[in-house]
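Asker: Handing you a structure now.
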Amino acid sequence: MRQAYDVFGRGEIDQFIKLLDDSVEWNIPAELPYGGIYRSPEAVVEMMSTISNYYLTRNLEITSFDELDDLVVVRGRHFGKVTDGRDYDAGFAAFFTVHAGRIATMREYVDPGKVILVLDSLKTENAGR
């Protein structure tokens, strides 16, 4: 999981895709404008490529990686500015299932705080992008 965060953070998308199972299921909270369930490495990468439509700056601070058998829980916070200049700061926990060294599932939980309220107003502004 550390490798997945590292390569994605460096923009090494080809390396990131290699860490995803062919039948990966990626679940982002529906409250977010890019939320939903994405099935396949290509769908995950396509969704991630749209995230920049909502943020001017987006930072990630990971506070822990906890492992139990094939379950990895990553906790931390996202913070920065959305496209209209407002600040956001939200805690998250992402639950990953890893099989044979590849990510099989991911379910993210986000502290609804500011991020959902701020991003909700951007849903219509970015519709159709």
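Convention: chains lettered A, B, ... in structure tokens order; per-chain residue numbering from 1; ligands numbered from 1 as shown.
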Which polymer residues have any atom within 10 Å of an atom of region 35-47 of chain A, counting only C-alpha atoms, with same-chain residues fewer than 4 positions away left out, as number ranges by chain?
Answerer: A: 8, 13-14, 16-31, 51, 103-108
Asker: When DSSP works through the backbone of this structure, what residues of region 9-45 of chain A end up as helix (DSSP H, G or I), shown as JSON, numbers by chain?
Answerer: {"A": [9, 13, 14, 15, 16, 17, 18, 41, 42, 43, 44, 45]}
Asker: Excluding same-chain residues fewer than 6 positions from Tyr55 (chain A), what lies within 6 Å of it counting only C-alpha atoms, as a ChimeraX atom specification?
Answerer: /A:81-83
Asker: Just how far from CA of Phe92 (chain A) is CA of Ser52 (chain A), in Å to one decimal?
Answerer: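 Computing it gives 18.2 Å between the two atoms.
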